[in-house]
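Data file: coords-v8.txt. Format and content: compact mmCIF, C-alpha atoms and all ligand atoms.
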```
# COMPACT_ATOMS: atom_id res chain seq x y z
CA MET C 5 -132.10 -89.04 -123.49
CA SER C 6 -128.83 -88.93 -125.47
CA SER C 7 -128.59 -91.20 -128.52
CA GLU C 8 -124.78 -91.42 -128.21
CA PRO C 9 -123.54 -95.02 -128.11
CA LYS C 10 -122.77 -96.00 -124.49
CA GLN C 11 -119.39 -97.50 -123.76
CA VAL C 12 -119.63 -100.97 -122.29
CA PRO C 13 -117.82 -100.95 -118.91
CA VAL C 14 -114.37 -102.50 -119.30
CA GLN C 15 -115.14 -104.94 -116.46
CA TYR C 16 -117.97 -106.44 -118.51
CA ILE C 17 -115.83 -106.58 -121.67
CA LEU C 18 -113.02 -108.38 -119.82
CA GLY C 19 -115.54 -110.60 -118.03
CA GLU C 20 -113.55 -110.46 -114.82
CA TRP C 21 -112.25 -107.88 -112.34
CA ASP C 22 -109.94 -107.74 -109.37
CA PHE C 23 -111.24 -107.09 -105.87
CA ARG C 24 -108.66 -107.15 -103.08
CA GLY C 25 -106.51 -109.54 -105.07
CA LEU C 26 -109.36 -111.91 -105.99
CA SER C 27 -110.27 -112.32 -109.65
CA LEU C 28 -114.07 -112.25 -109.85
CA LYS C 29 -116.22 -113.06 -112.86
CA MET C 30 -118.26 -110.03 -114.01
CA LEU C 31 -121.52 -110.32 -115.90
CA PRO C 32 -124.00 -107.54 -116.69
CA PRO C 33 -126.18 -106.31 -115.08
CA VAL C 34 -124.64 -107.42 -111.76
CA PHE C 35 -123.02 -104.47 -109.94
CA ILE C 36 -119.29 -104.01 -110.58
CA PRO C 37 -117.43 -103.81 -107.24
CA ARG C 38 -115.93 -100.38 -106.57
CA PRO C 39 -112.52 -99.69 -104.98
CA GLU C 40 -114.11 -97.90 -101.96
CA THR C 41 -115.76 -101.16 -100.96
CA GLU C 42 -112.31 -102.66 -100.41
CA GLU C 43 -112.02 -100.21 -97.50
CA LEU C 44 -115.29 -101.48 -96.02
CA VAL C 45 -113.91 -105.04 -96.11
CA GLU C 46 -110.69 -103.83 -94.49
CA TRP C 47 -112.67 -102.28 -91.64
CA VAL C 48 -114.64 -105.49 -91.05
CA LEU C 49 -111.41 -107.51 -90.97
CA GLU C 50 -109.94 -105.08 -88.44
CA GLU C 51 -113.04 -105.49 -86.27
CA VAL C 52 -112.82 -109.29 -86.46
CA ALA C 53 -109.15 -109.14 -85.45
CA GLN C 54 -110.21 -107.24 -82.32
CA ARG C 55 -112.55 -110.06 -81.29
CA PRO C 56 -110.11 -112.97 -80.88
CA ASN C 57 -112.53 -114.72 -78.50
CA VAL C 58 -115.01 -115.19 -81.38
CA VAL C 59 -112.35 -116.48 -83.73
CA GLU C 60 -110.91 -118.92 -81.21
CA ALA C 61 -114.23 -120.20 -79.88
CA GLN C 62 -116.04 -120.71 -83.16
CA GLY C 63 -113.36 -120.94 -85.83
CA GLY C 64 -114.44 -117.52 -87.10
CA PRO C 65 -117.32 -115.07 -86.91
CA LEU C 66 -120.66 -115.71 -88.56
CA ILE C 67 -121.34 -112.91 -91.04
CA LEU C 68 -124.47 -111.95 -93.00
CA GLU C 69 -123.99 -109.93 -96.18
CA VAL C 70 -127.09 -108.20 -97.54
CA GLY C 71 -126.93 -107.54 -101.29
CA CYS C 72 -123.97 -109.70 -102.32
CA GLY C 73 -123.91 -108.78 -106.06
CA SER C 74 -120.88 -110.58 -107.54
CA GLY C 75 -119.90 -111.86 -104.09
CA ALA C 76 -116.99 -109.43 -103.77
CA ILE C 77 -117.41 -108.59 -100.06
CA SER C 78 -118.36 -112.07 -98.83
CA LEU C 79 -115.69 -113.90 -100.79
CA SER C 80 -112.99 -111.40 -99.91
CA LEU C 81 -113.86 -111.72 -96.22
CA LEU C 82 -113.88 -115.51 -96.42
CA SER C 83 -110.57 -115.63 -98.24
CA GLN C 84 -108.96 -113.71 -95.36
CA LEU C 85 -110.78 -115.13 -92.38
CA PRO C 86 -109.32 -118.18 -90.68
CA GLN C 87 -110.12 -121.51 -92.27
CA ILE C 88 -112.20 -123.71 -90.04
CA LEU C 89 -112.35 -127.44 -89.77
CA ALA C 90 -115.21 -128.95 -91.72
CA ARG C 91 -117.30 -129.71 -88.65
CA GLU C 92 -120.74 -129.83 -90.21
CA GLU C 93 -122.48 -127.25 -88.07
CA LYS C 94 -119.56 -124.83 -88.40
CA ALA C 95 -118.86 -125.33 -92.08
CA SER C 96 -120.21 -121.98 -93.17
CA GLN C 97 -119.07 -118.56 -92.04
CA VAL C 98 -120.86 -116.22 -94.42
CA ILE C 99 -124.50 -116.05 -95.40
CA ALA C 100 -124.75 -114.00 -98.60
CA VAL C 101 -128.19 -112.83 -99.73
CA ASP C 102 -129.49 -110.85 -102.69
CA LYS C 103 -132.93 -110.33 -104.20
CA GLU C 104 -131.67 -110.63 -107.79
CA GLU C 105 -131.25 -114.05 -109.38
CA ALA C 106 -128.36 -112.83 -111.57
CA ALA C 107 -126.45 -111.76 -108.43
CA ILE C 108 -127.16 -115.03 -106.62
CA ASN C 109 -125.92 -117.02 -109.63
CA LEU C 110 -122.79 -114.91 -110.05
CA THR C 111 -121.87 -115.12 -106.35
CA TYR C 112 -122.28 -118.88 -106.61
CA GLU C 113 -120.01 -119.04 -109.69
CA ASN C 114 -117.40 -116.84 -108.06
CA ALA C 115 -117.47 -118.90 -104.86
CA GLN C 116 -116.77 -122.02 -106.93
CA ARG C 117 -114.08 -120.28 -108.95
CA LEU C 118 -112.31 -119.37 -105.70
CA ARG C 119 -113.03 -122.75 -104.06
CA LEU C 120 -114.87 -121.05 -101.21
CA GLN C 121 -118.25 -122.65 -101.88
CA ASP C 122 -118.12 -124.85 -98.77
CA ARG C 123 -117.90 -121.85 -96.46
CA ILE C 124 -120.71 -119.71 -97.86
CA GLN C 125 -124.49 -120.04 -97.96
CA ILE C 126 -125.97 -118.07 -100.88
CA ILE C 127 -129.66 -117.39 -100.40
CA PRO C 128 -132.21 -115.47 -102.53
CA PHE C 129 -133.70 -112.97 -100.12
CA ASP C 130 -135.45 -109.62 -100.41
CA VAL C 131 -134.77 -107.55 -97.32
CA THR C 132 -137.95 -105.51 -97.94
CA SER C 133 -140.23 -108.53 -98.07
CA VAL C 134 -142.16 -108.78 -94.81
CA GLY C 135 -141.80 -112.13 -93.10
CA SER C 136 -139.19 -113.57 -95.47
CA TRP C 137 -136.43 -113.02 -92.90
CA THR C 138 -137.71 -115.96 -90.88
CA HIS C 139 -135.92 -118.19 -93.46
CA LEU C 140 -132.63 -116.77 -92.24
CA LEU C 141 -133.21 -117.31 -88.52
CA PRO C 142 -131.89 -120.90 -88.48
CA TRP C 143 -128.50 -119.56 -89.59
CA GLY C 144 -128.17 -117.00 -86.82
CA PRO C 145 -127.45 -115.33 -84.55
CA MET C 146 -124.76 -113.46 -86.46
CA ASP C 147 -121.67 -111.67 -85.20
CA LEU C 148 -121.71 -109.14 -88.03
CA ILE C 149 -123.92 -107.84 -90.80
CA VAL C 150 -122.19 -106.13 -93.70
CA SER C 151 -123.74 -104.39 -96.67
CA ASN C 152 -122.99 -102.10 -99.56
CA PRO C 153 -126.67 -101.47 -100.24
CA PRO C 154 -128.26 -99.46 -103.04
CA TYR C 155 -127.88 -95.97 -101.52
CA ILE C 156 -128.03 -93.39 -104.32
CA PHE C 157 -130.71 -90.73 -103.85
CA HIS C 158 -133.36 -91.39 -106.49
CA HIS C 159 -133.07 -87.91 -108.01
CA ASP C 160 -129.27 -88.38 -108.39
CA MET C 161 -129.70 -91.50 -110.54
CA GLU C 162 -129.85 -89.49 -113.76
CA GLN C 163 -126.46 -87.91 -112.97
CA LEU C 164 -124.73 -91.30 -113.07
CA ALA C 165 -122.38 -91.94 -115.98
CA PRO C 166 -124.27 -93.21 -119.06
CA GLU C 167 -122.45 -96.56 -119.07
CA ILE C 168 -123.53 -97.18 -115.46
CA ARG C 169 -127.16 -96.32 -116.23
CA SER C 170 -127.14 -98.44 -119.38
CA TYR C 171 -125.45 -101.58 -118.10
CA GLU C 172 -125.66 -101.88 -114.31
CA ASP C 173 -128.84 -102.96 -112.59
CA PRO C 174 -130.68 -99.90 -111.17
CA VAL C 175 -131.89 -102.14 -108.32
CA ALA C 176 -128.25 -102.22 -107.16
CA LEU C 177 -127.99 -98.42 -107.13
CA ASP C 178 -131.28 -96.64 -106.45
CA GLY C 179 -131.86 -96.27 -102.71
CA GLY C 180 -135.12 -94.33 -103.01
CA GLU C 181 -135.89 -90.72 -102.17
CA GLU C 182 -133.05 -90.20 -99.66
CA GLY C 183 -131.08 -93.33 -100.51
CA MET C 184 -132.30 -94.85 -97.24
CA ASP C 185 -134.87 -97.43 -98.39
CA ILE C 186 -132.69 -100.53 -98.11
CA ILE C 187 -130.53 -99.12 -95.30
CA THR C 188 -133.57 -98.71 -93.03
CA HIS C 189 -134.81 -102.21 -93.85
CA ILE C 190 -131.42 -103.67 -92.92
CA LEU C 191 -131.39 -101.70 -89.64
CA THR C 192 -134.94 -102.76 -88.84
CA LEU C 193 -134.16 -106.44 -89.37
CA ALA C 194 -130.71 -106.43 -87.77
CA PRO C 195 -131.76 -106.89 -84.13
CA GLN C 196 -133.49 -110.17 -85.09
CA PHE C 197 -130.24 -111.60 -86.42
CA LEU C 198 -127.44 -110.07 -84.42
CA LYS C 199 -125.85 -111.43 -81.28
CA ASP C 200 -125.70 -109.07 -78.29
CA SER C 201 -123.09 -106.42 -79.15
CA GLY C 202 -123.14 -107.59 -82.76
CA SER C 203 -122.19 -105.04 -85.41
CA ILE C 204 -123.47 -103.73 -88.73
CA PHE C 205 -121.02 -102.27 -91.24
CA LEU C 206 -122.50 -100.23 -94.09
CA GLU C 207 -121.18 -98.39 -97.11
CA VAL C 208 -123.19 -95.20 -97.65
CA GLU C 209 -122.87 -91.77 -99.25
CA PRO C 210 -121.68 -88.64 -97.42
CA ARG C 211 -125.16 -87.38 -96.46
CA HIS C 212 -126.04 -90.65 -94.77
CA PRO C 213 -124.09 -90.55 -91.49
CA GLU C 214 -126.36 -87.75 -90.27
CA LEU C 215 -129.52 -89.23 -91.80
CA VAL C 216 -128.81 -92.65 -90.29
CA SER C 217 -127.93 -91.17 -86.91
CA ASN C 218 -131.22 -89.22 -86.84
CA TRP C 219 -133.18 -92.25 -88.00
CA LEU C 220 -131.67 -94.45 -85.26
CA GLN C 221 -132.46 -91.83 -82.62
CA SER C 222 -136.09 -91.89 -83.73
CA HIS C 223 -136.13 -95.73 -83.46
CA PRO C 224 -134.75 -96.35 -79.94
CA ASP C 225 -136.63 -99.66 -79.76
CA LEU C 226 -134.07 -101.16 -82.15
CA CYS C 227 -131.29 -100.65 -79.55
CA LEU C 228 -128.81 -99.76 -82.28
CA ASN C 229 -126.19 -97.01 -82.01
CA LEU C 230 -124.01 -95.41 -84.65
CA VAL C 231 -120.62 -95.90 -82.98
CA ALA C 232 -118.17 -94.89 -85.72
CA VAL C 233 -117.97 -93.26 -89.14
CA ARG C 234 -115.01 -93.76 -91.48
CA ARG C 235 -113.89 -91.71 -94.44
CA ASP C 236 -112.94 -93.13 -97.83
CA PHE C 237 -109.62 -92.48 -99.58
CA CYS C 238 -111.05 -89.18 -100.86
CA GLY C 239 -111.82 -88.04 -97.30
CA ARG C 240 -115.62 -88.41 -97.59
CA PRO C 241 -117.57 -90.02 -94.71
CA ARG C 242 -118.67 -93.25 -96.38
CA PHE C 243 -118.67 -96.13 -93.92
CA LEU C 244 -120.77 -96.69 -90.80
CA HIS C 245 -120.35 -98.98 -87.81
CA VAL C 246 -123.65 -99.50 -86.01
CA GLN C 247 -123.69 -101.64 -82.88
CA ARG C 248 -126.45 -103.45 -81.06
CA SER C 249 -126.57 -102.39 -77.44
CA GLY C 250 -129.43 -104.12 -75.76
CA PRO C 251 -131.89 -106.98 -75.64
C1 LIG C 301 -124.41 -101.70 -104.56
S1 LIG C 301 -124.75 -103.39 -104.95
C2 LIG C 301 -123.47 -104.17 -103.98
C3 LIG C 301 -123.01 -105.50 -104.54
C4 LIG C 301 -121.77 -106.07 -103.84
N1 LIG C 301 -122.03 -106.28 -102.42
C5 LIG C 301 -120.58 -105.15 -104.01
O1 LIG C 301 -120.25 -104.39 -103.09
O2 LIG C 301 -119.99 -105.20 -105.08
C6 LIG C 301 -126.25 -103.69 -104.03
C7 LIG C 301 -126.81 -105.10 -104.13
O3 LIG C 301 -128.00 -105.15 -103.32
C8 LIG C 301 -128.96 -105.94 -103.97
N2 LIG C 301 -130.30 -105.55 -103.49
C9 LIG C 301 -131.03 -104.46 -103.85
N3 LIG C 301 -132.21 -104.45 -103.21
C10 LIG C 301 -132.22 -105.55 -102.40
C11 LIG C 301 -133.18 -106.09 -101.49
N4 LIG C 301 -134.37 -105.49 -101.30
N5 LIG C 301 -132.89 -107.23 -100.82
C12 LIG C 301 -131.69 -107.85 -101.03
N6 LIG C 301 -130.74 -107.39 -101.90
C13 LIG C 301 -131.00 -106.25 -102.57
C14 LIG C 301 -128.76 -105.65 -105.45
O4 LIG C 301 -129.32 -106.67 -106.27
C15 LIG C 301 -127.24 -105.54 -105.52
O5 LIG C 301 -126.65 -106.78 -105.84
```
Can you turn what I pasted into structure tokens?
Ligand SMILES: C[S@@+](CC[C@H](N)C(=O)[O-])C[C@H]1O[C@@H](n2cnc3c(N)ncnc32)[C@H](O)[C@@H]1O
Amino acid sequence: MSSEPKQVPVQYILGEWDFRGLSLKMLPPVFIPRPETEELVEWVLEEVAQRPNVVEAQGGPLILEVGCGSGAISLSLLSQLPQILAREEKASQVIAVDKEEAAINLTYENAQRLRLQDRIQIIPFDVTSVGSWTHLLPWGPMDLIVSNPPYIFHHDMEQLAPEIRSYEDPVALDGGEEGMDIITHILTLAPQFLKDSGSIFLEVEPRHPELVSNWLQSHPDLCLNLVAVRRDFCGRPRFLHVQRSGP
């Protein structure tokens, strides 16, 4: 291990960072939102725009975000989705979950900072914990699940920049042997929460489209299909649209 002093990420020094025009509070060790994730949000918004029946009937889609971190994805989606009237049962459009207390607290602070707290439910939840998902059932069924999960292959963790390894939570980054640990848990749980034809949008790394496609083919009981893959601004396949197709 190098003894060189590690530079504190500028986002943590400033204490705030911009994500799609929203100024979010940043606090170590909560994951700093990356520019690629703005493209994931854009794709979800495009999908919502193509489902006007959902927007008109319900005032907006019901979305679950797994692994909310600072709240970047959830709050950005909420800030752009149509406002709904404060009818009690429709007052929330996004359920944001994370297993880390620091992330839950920061999402809460950012929701307040952006005055979006009335439209988001922020719930401590570990997607790998068997049985805990039953707590989420009363909120469903969801139109969409979105996640930028920890997806780095475990053996690639040591290649990360020193300031990332020193300051950002490894729980936010390390996806296990093939970066699939949290991805497969999300896919396994998804059919419990999604409406018929509901969608899952995931940020992944370039080896994952094939790995996820193979994994879904070996789990036909989940009735999930990889229907589209999108490239990031560097041309790498980084975003997946998985759709529920059956009962
Ligand atoms: C890559 S970060 C993404 C944070 C934020 N969504 C973003 O894009 O900036 C992944 C997040 O997943 C959370 N996470 C990791 N394992 C989890 C689990 N088993 N259940 C729920 N959340 C988890 C981490 O705490 C972290 O906040």
Residues of chain C at most 6 Å from ligand LIG 301 (chain C): nearest atom pair and distance in Å, all atoms listed in the file, as a Markdown table:
```
| residue | atom | partner | partner_atom | distance |
| --- | --- | --- | --- | --- |
| C:Phe35 | CA | C:LIG301 | S1 | 5.4 |
| C:Ile36 | CA | C:LIG301 | O2 | 5.7 |
| C:Pro37 | CA | C:LIG301 | O2 | 3.6 |
| C:Thr41 | CA | C:LIG301 | O1 | 5.9 |
| C:Val70 | CA | C:LIG301 | N6 | 5.7 |
| C:Gly71 | CA | C:LIG301 | O3 | 3.3 |
| C:Cys72 | CA | C:LIG301 | N1 | 3.9 |
| C:Gly73 | CA | C:LIG301 | O5 | 3.4 |
| C:Ser74 | CA | C:LIG301 | C4 | 5.9 |
| C:Ala76 | CA | C:LIG301 | O2 | 5.3 |
| C:Ile77 | CA | C:LIG301 | N1 | 5.7 |
| C:Asp102 | CA | C:LIG301 | N6 | 3.8 |
| C:Lys103 | CA | C:LIG301 | C12 | 4.2 |
| C:Glu104 | CA | C:LIG301 | O4 | 4.8 |
| C:Ala107 | CA | C:LIG301 | O5 | 5.6 |
| C:Phe129 | CA | C:LIG301 | C12 | 5.6 |
| C:Asp130 | CA | C:LIG301 | N5 | 3.5 |
| C:Val131 | CA | C:LIG301 | N5 | 4.0 |
| C:Thr132 | CA | C:LIG301 | N4 | 4.9 |
| C:Asn152 | CA | C:LIG301 | C2 | 4.9 |
| C:Pro153 | CA | C:LIG301 | C6 | 4.4 |
| C:Pro154 | CA | C:LIG301 | C1 | 4.7 |
| C:Val175 | CA | C:LIG301 | C9 | 5.1 |
| C:Ala176 | CA | C:LIG301 | C15 | 3.8 |
| C:Leu177 | CA | C:LIG301 | C1 | 5.5 |
```
What are the closest atom pairs, with distances in Å to one decimal, for each residue of region 152-203 of chain C lying within 10 Å of region 12-19 of chain C, using only C-alpha atoms, rows by chain and rising residue number, as JSON lines?
```
{"residue": "C:Pro166", "atom": "CA", "partner": "C:Val12", "partner_atom": "CA", "distance": 9.6}
{"residue": "C:Glu167", "atom": "CA", "partner": "C:Val12", "partner_atom": "CA", "distance": 6.1}
{"residue": "C:Ile168", "atom": "CA", "partner": "C:Pro13", "partner_atom": "CA", "distance": 7.7}
{"residue": "C:Ser170", "atom": "CA", "partner": "C:Val12", "partner_atom": "CA", "distance": 8.4}
{"residue": "C:Tyr171", "atom": "CA", "partner": "C:Val12", "partner_atom": "CA", "distance": 7.2}
{"residue": "C:Glu172", "atom": "CA", "partner": "C:Pro13", "partner_atom": "CA", "distance": 9.1}
```
Residues just named, written with C-alpha atoms as a PDB file, keeping the file's coordinate frame:
```pdb
ATOM      1  CA  PRO C 166    -124.270 -93.210-119.060  1.00  0.00           C
ATOM      2  CA  GLU C 167    -122.450 -96.560-119.070  1.00  0.00           C
ATOM      3  CA  ILE C 168    -123.530 -97.180-115.460  1.00  0.00           C
ATOM      4  CA  SER C 170    -127.140 -98.440-119.380  1.00  0.00           C
ATOM      5  CA  TYR C 171    -125.450-101.580-118.100  1.00  0.00           C
ATOM      6  CA  GLU C 172    -125.660-101.880-114.310  1.00  0.00           C
TER       7      GLU C 172
END
```
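Candidate residues C:Ala53, C:Cys238, C:Ile99, C:Leu206 were compared for distance to Pro145 (chain C), and the nearest is C:Ile99, using all atoms listed in the file.
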Set up a box along x, y and z of the file covering all listed atoms of region 99-109 of chain C, add 4 Å on every one of the six sides, and write the centre and edge lengths in Å to one decimal, as AutoDock Vina command-line options.
```
--center_x -128.7 --center_y -113.7 --center_z -103.5 --size_x 16.4 --size_y 14.7 --size_z 24.2
```
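Residue nearest Pro210 (chain C) within the list C:His223, C:Arg235, C:His189, C:Arg38: C:Arg235 [criterion: smallest interatomic distance, all atoms listed in the file].
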Exercise. Please measure the separation of CA of Leu120 (chain C) and CA of Gly144 (chain C), giving the value in Å to one decimal.
Key: 20.0 Å
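If you look at CA of Leu198 (chain C) and CA of Leu28 (chain C), they are 28.8 Å away from each other.
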